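The file coords_5.pdb contains PDB, N, CA and C atoms, pLDDT in the B column:
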```pdb
MODEL        1
ATOM      1  N   MET A 298      28.950   7.976  10.812  1.00 66.00           N
ATOM      2  CA  MET A 298      29.633   8.064   9.541  1.00 66.00           C
ATOM      3  C   MET A 298      28.991   9.207   8.758  1.00 66.00           C
ATOM      4  N   ASN A 299      29.816  10.131   8.276  1.00 76.00           N
ATOM      5  CA  ASN A 299      29.268  11.273   7.542  1.00 76.00           C
ATOM      6  C   ASN A 299      29.132  10.947   6.053  1.00 76.00           C
ATOM      7  N   ASP A 300      28.469  11.852   5.326  1.00 79.00           N
ATOM      8  CA  ASP A 300      28.195  11.613   3.899  1.00 79.00           C
ATOM      9  C   ASP A 300      29.464  11.425   3.078  1.00 79.00           C
ATOM     10  N   GLU A 301      30.505  12.175   3.396  1.00 81.00           N
ATOM     11  CA  GLU A 301      31.756  12.052   2.644  1.00 81.00           C
ATOM     12  C   GLU A 301      32.396  10.679   2.866  1.00 81.00           C
ATOM     13  N   GLN A 302      32.358  10.188   4.103  1.00 73.00           N
ATOM     14  CA  GLN A 302      32.906   8.873   4.399  1.00 73.00           C
ATOM     15  C   GLN A 302      32.128   7.775   3.670  1.00 73.00           C
ATOM     16  N   VAL A 303      30.810   7.902   3.630  1.00 70.00           N
ATOM     17  CA  VAL A 303      29.964   6.938   2.920  1.00 70.00           C
ATOM     18  C   VAL A 303      30.297   6.948   1.435  1.00 70.00           C
ATOM     19  N   ARG A 304      30.442   8.121   0.855  1.00 73.00           N
ATOM     20  CA  ARG A 304      30.773   8.256  -0.570  1.00 73.00           C
ATOM     21  C   ARG A 304      32.133   7.613  -0.858  1.00 73.00           C
ATOM     22  N   ASP A 305      33.121   7.857  -0.002  1.00 73.00           N
ATOM     23  CA  ASP A 305      34.450   7.267  -0.183  1.00 73.00           C
ATOM     24  C   ASP A 305      34.384   5.741  -0.139  1.00 73.00           C
ATOM     25  N   LEU A 306      33.601   5.188   0.783  1.00 67.00           N
ATOM     26  CA  LEU A 306      33.470   3.741   0.890  1.00 67.00           C
ATOM     27  C   LEU A 306      32.817   3.150  -0.350  1.00 67.00           C
ATOM     28  N   ARG A 307      31.783   3.801  -0.845  1.00 70.00           N
ATOM     29  CA  ARG A 307      31.075   3.281  -2.017  1.00 70.00           C
ATOM     30  C   ARG A 307      31.977   3.263  -3.243  1.00 70.00           C
ATOM     31  N   GLU A 308      32.936   4.162  -3.321  1.00 75.00           N
ATOM     32  CA  GLU A 308      33.851   4.221  -4.466  1.00 75.00           C
ATOM     33  C   GLU A 308      35.005   3.239  -4.328  1.00 75.00           C
ATOM     34  N   ALA A 309      35.244   2.714  -3.129  1.00 69.00           N
ATOM     35  CA  ALA A 309      36.389   1.841  -2.874  1.00 69.00           C
ATOM     36  C   ALA A 309      36.248   0.469  -3.537  1.00 69.00           C
ATOM     37  N   GLY A 310      35.057  -0.114  -3.546  1.00 73.00           N
ATOM     38  CA  GLY A 310      34.847  -1.403  -4.186  1.00 73.00           C
ATOM     39  C   GLY A 310      34.920  -2.603  -3.254  1.00 73.00           C
ATOM     40  N   TRP A 311      35.839  -2.644  -2.317  1.00 79.00           N
ATOM     41  CA  TRP A 311      35.969  -3.729  -1.344  1.00 79.00           C
ATOM     42  C   TRP A 311      35.758  -3.146   0.045  1.00 79.00           C
ATOM     43  N   TYR A 312      35.031  -3.858   0.887  1.00 83.00           N
ATOM     44  CA  TYR A 312      34.681  -3.343   2.204  1.00 83.00           C
ATOM     45  C   TYR A 312      34.930  -4.383   3.287  1.00 83.00           C
ATOM     46  N   THR A 313      35.262  -3.925   4.464  1.00 86.00           N
ATOM     47  CA  THR A 313      35.358  -4.819   5.614  1.00 86.00           C
ATOM     48  C   THR A 313      33.949  -5.060   6.150  1.00 86.00           C
ATOM     49  N   THR A 314      33.829  -6.048   7.003  1.00 89.00           N
ATOM     50  CA  THR A 314      32.538  -6.326   7.637  1.00 89.00           C
ATOM     51  C   THR A 314      32.048  -5.095   8.389  1.00 89.00           C
ATOM     52  N   ASP A 315      32.932  -4.432   9.104  1.00 91.00           N
ATOM     53  CA  ASP A 315      32.538  -3.245   9.869  1.00 91.00           C
ATOM     54  C   ASP A 315      32.076  -2.105   8.969  1.00 91.00           C
ATOM     55  N   GLU A 316      32.722  -1.938   7.819  1.00 86.00           N
ATOM     56  CA  GLU A 316      32.320  -0.886   6.884  1.00 86.00           C
ATOM     57  C   GLU A 316      30.936  -1.157   6.297  1.00 86.00           C
ATOM     58  N   VAL A 317      30.683  -2.414   5.915  1.00 88.00           N
ATOM     59  CA  VAL A 317      29.367  -2.762   5.371  1.00 88.00           C
ATOM     60  C   VAL A 317      28.303  -2.591   6.439  1.00 88.00           C
ATOM     61  N   ALA A 318      28.607  -3.005   7.654  1.00 92.00           N
ATOM     62  CA  ALA A 318      27.658  -2.848   8.757  1.00 92.00           C
ATOM     63  C   ALA A 318      27.309  -1.368   8.961  1.00 92.00           C
ATOM     64  N   ALA A 319      28.297  -0.502   8.891  1.00 89.00           N
ATOM     65  CA  ALA A 319      28.047   0.931   9.053  1.00 89.00           C
ATOM     66  C   ALA A 319      27.187   1.468   7.910  1.00 89.00           C
ATOM     67  N   LEU A 320      27.476   1.028   6.680  1.00 86.00           N
ATOM     68  CA  LEU A 320      26.688   1.478   5.533  1.00 86.00           C
ATOM     69  C   LEU A 320      25.234   1.021   5.641  1.00 86.00           C
ATOM     70  N   LEU A 321      25.027  -0.217   6.107  1.00 90.00           N
ATOM     71  CA  LEU A 321      23.680  -0.771   6.224  1.00 90.00           C
ATOM     72  C   LEU A 321      22.992  -0.409   7.540  1.00 90.00           C
ATOM     73  N   ARG A 322      23.779   0.180   8.432  1.00 93.00           N
ATOM     74  CA  ARG A 322      23.275   0.550   9.769  1.00 93.00           C
ATOM     75  C   ARG A 322      22.738  -0.654  10.525  1.00 93.00           C
ATOM     76  N   VAL A 323      23.553  -1.719  10.506  1.00 95.00           N
ATOM     77  CA  VAL A 323      23.274  -2.918  11.281  1.00 95.00           C
ATOM     78  C   VAL A 323      24.538  -3.276  12.052  1.00 95.00           C
ATOM     79  N   ASP A 324      24.398  -4.168  13.008  1.00 96.00           N
ATOM     80  CA  ASP A 324      25.551  -4.618  13.765  1.00 96.00           C
ATOM     81  C   ASP A 324      26.359  -5.604  12.915  1.00 96.00           C
ATOM     82  N   ALA A 325      27.671  -5.595  13.051  1.00 95.00           N
ATOM     83  CA  ALA A 325      28.532  -6.500  12.294  1.00 95.00           C
ATOM     84  C   ALA A 325      28.165  -7.963  12.562  1.00 95.00           C
ATOM     85  N   SER A 326      27.672  -8.264  13.758  1.00 95.00           N
ATOM     86  CA  SER A 326      27.277  -9.643  14.064  1.00 95.00           C
ATOM     87  C   SER A 326      26.103 -10.090  13.190  1.00 95.00           C
ATOM     88  N   SER A 327      25.266  -9.152  12.768  1.00 95.00           N
ATOM     89  CA  SER A 327      24.157  -9.497  11.867  1.00 95.00           C
ATOM     90  C   SER A 327      24.701  -9.980  10.530  1.00 95.00           C
ATOM     91  N   LEU A 328      25.715  -9.295  10.002  1.00 93.00           N
ATOM     92  CA  LEU A 328      26.324  -9.726   8.740  1.00 93.00           C
ATOM     93  C   LEU A 328      26.928 -11.115   8.859  1.00 93.00           C
ATOM     94  N   ARG A 329      27.616 -11.369   9.976  1.00 91.00           N
ATOM     95  CA  ARG A 329      28.215 -12.691  10.177  1.00 91.00           C
ATOM     96  C   ARG A 329      27.136 -13.771  10.272  1.00 91.00           C
ATOM     97  N   ARG A 330      26.039 -13.466  10.934  1.00 93.00           N
ATOM     98  CA  ARG A 330      24.937 -14.413  11.051  1.00 93.00           C
ATOM     99  C   ARG A 330      24.289 -14.666   9.689  1.00 93.00           C
ATOM    100  N   TRP A 331      24.112 -13.627   8.890  1.00 93.00           N
ATOM    101  CA  TRP A 331      23.516 -13.762   7.561  1.00 93.00           C
ATOM    102  C   TRP A 331      24.370 -14.667   6.673  1.00 93.00           C
ATOM    103  N   ARG A 332      25.699 -14.527   6.790  1.00 88.00           N
ATOM    104  CA  ARG A 332      26.599 -15.328   5.956  1.00 88.00           C
ATOM    105  C   ARG A 332      26.486 -16.816   6.241  1.00 88.00           C
ATOM    106  N   THR A 333      26.224 -17.163   7.495  1.00 88.00           N
ATOM    107  CA  THR A 333      26.181 -18.575   7.882  1.00 88.00           C
ATOM    108  C   THR A 333      24.770 -19.148   7.790  1.00 88.00           C
ATOM    109  N   ALA A 334      23.795 -18.335   7.404  1.00 91.00           N
ATOM    110  CA  ALA A 334      22.424 -18.819   7.247  1.00 91.00           C
ATOM    111  C   ALA A 334      22.360 -19.767   6.057  1.00 91.00           C
ATOM    112  N   SER A 335      21.332 -20.597   6.046  1.00 91.00           N
ATOM    113  CA  SER A 335      21.160 -21.515   4.927  1.00 91.00           C
ATOM    114  C   SER A 335      19.777 -21.324   4.337  1.00 91.00           C
ATOM    115  N   PRO A 336      19.681 -20.751   3.154  1.00 89.00           N
ATOM    116  CA  PRO A 336      20.747 -20.279   2.266  1.00 89.00           C
ATOM    117  C   PRO A 336      21.324 -18.954   2.776  1.00 89.00           C
ATOM    118  N   PRO A 337      22.548 -18.615   2.357  1.00 85.00           N
ATOM    119  CA  PRO A 337      23.165 -17.349   2.787  1.00 85.00           C
ATOM    120  C   PRO A 337      22.271 -16.155   2.448  1.00 85.00           C
ATOM    121  N   GLN A 338      22.303 -15.162   3.318  1.00 88.00           N
ATOM    122  CA  GLN A 338      21.509 -13.956   3.141  1.00 88.00           C
ATOM    123  C   GLN A 338      22.442 -12.753   3.131  1.00 88.00           C
ATOM    124  N   GLY A 339      21.880 -11.592   2.832  1.00 85.00           N
ATOM    125  CA  GLY A 339      22.651 -10.350   2.885  1.00 85.00           C
ATOM    126  C   GLY A 339      23.507 -10.144   1.650  1.00 85.00           C
ATOM    127  N   PRO A 340      24.409  -9.154   1.730  1.00 84.00           N
ATOM    128  CA  PRO A 340      25.254  -8.826   0.571  1.00 84.00           C
ATOM    129  C   PRO A 340      26.257  -9.937   0.279  1.00 84.00           C
ATOM    130  N   PRO A 341      26.724 -10.034  -0.975  1.00 82.00           N
ATOM    131  CA  PRO A 341      27.736 -11.045  -1.322  1.00 82.00           C
ATOM    132  C   PRO A 341      28.968 -10.911  -0.432  1.00 82.00           C
ATOM    133  N   PHE A 342      29.642 -12.028  -0.203  1.00 80.00           N
ATOM    134  CA  PHE A 342      30.759 -12.068   0.723  1.00 80.00           C
ATOM    135  C   PHE A 342      31.909 -12.856   0.112  1.00 80.00           C
ATOM    136  N   VAL A 343      33.118 -12.323   0.227  1.00 79.00           N
ATOM    137  CA  VAL A 343      34.326 -13.013  -0.211  1.00 79.00           C
ATOM    138  C   VAL A 343      35.292 -12.991   0.956  1.00 79.00           C
ATOM    139  N   GLN A 344      35.744 -14.171   1.382  1.00 79.00           N
ATOM    140  CA  GLN A 344      36.694 -14.247   2.481  1.00 79.00           C
ATOM    141  C   GLN A 344      38.109 -14.164   1.920  1.00 79.00           C
ATOM    142  N   LEU A 345      38.898 -13.220   2.418  1.00 74.00           N
ATOM    143  CA  LEU A 345      40.286 -13.056   1.998  1.00 74.00           C
ATOM    144  C   LEU A 345      41.211 -13.566   3.085  1.00 74.00           C
ATOM    145  N   SER A 346      42.382 -14.022   2.714  1.00 73.00           N
ATOM    146  CA  SER A 346      43.337 -14.567   3.665  1.00 73.00           C
ATOM    147  C   SER A 346      44.680 -13.874   3.502  1.00 73.00           C
ATOM    148  N   ASP A 347      45.432 -13.810   4.591  1.00 66.00           N
ATOM    149  CA  ASP A 347      46.787 -13.270   4.556  1.00 66.00           C
ATOM    150  C   ASP A 347      47.786 -14.283   4.028  1.00 66.00           C
ATOM    151  N   ALA A 348      47.393 -15.536   3.957  1.00 59.00           N
ATOM    152  CA  ALA A 348      48.313 -16.621   3.568  1.00 59.00           C
ATOM    153  C   ALA A 348      48.663 -16.588   2.108  1.00 59.00           C
TER     154      ALA A 348
ENDMDL
END
```
Starting from the file, give its structure as structure tokens.
Amino acid sequence: MNDEQVRDLREAGWYTTDEVAALLRVDASSLRRWRTASPPQGPPFVQLSDA
């Protein structure tokens, strides 16, 4: 991910798991694991639905 792509993501406000993983330079599975930890770890998370 280049600097311009990172800047664009930071200005967007909402990110996918893959985008956050790229910004943090971690695997997306790490973010999923952090969310299910007790207590939850990592960046705040909001689950959105198509329904």
* Contact residues around segment 338-340 of chain A with only C-alpha atoms at 10 Å, ignoring same-chain residues under 2 positions, as a VMD selection string -> chain A and resid 317 321 327 to 336 342
* What does the distance from atom C of Arg307 of chain A to atom N of Leu320 of chain A come to in Å, to one decimal? ->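 Distance between the two atoms: 11.1 Å.
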* Pick the closest to Ala325 of chain A from A:Val303, A:Thr313, A:Val343, A:Pro337: which is it, counting only C-alpha atoms? ->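 For Ala325 of chain A, the nearest of the candidates is A:Thr313.
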* Between atom CA of Gly310 of chain A and atom CA of Val323 of chain A - distance in Å to one decimal -> 19.4 Å
* To do: Write out as a list in words all residues of chain A that DSSP puts in alpha helix (DSSP H) for this structure's backbone.
  =>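 Residues of chain A classed as alpha helix (DSSP H): Asp300, Glu301, Gln302, Val303, Arg304, Asp305, Leu306, Arg307, Glu308, Ala309, Thr314, Asp315, Glu316, Val317, Ala318, Ala319, Leu320, Leu321, Ala325, Ser326, Ser327, Leu328, Arg329, Arg330, Trp331, Arg332 and Thr333 of chain A.
The interatomic distance for the pair atom CA of Pro341 of chain A and atom C of Thr314 of chain A works out to 12.2 Å.
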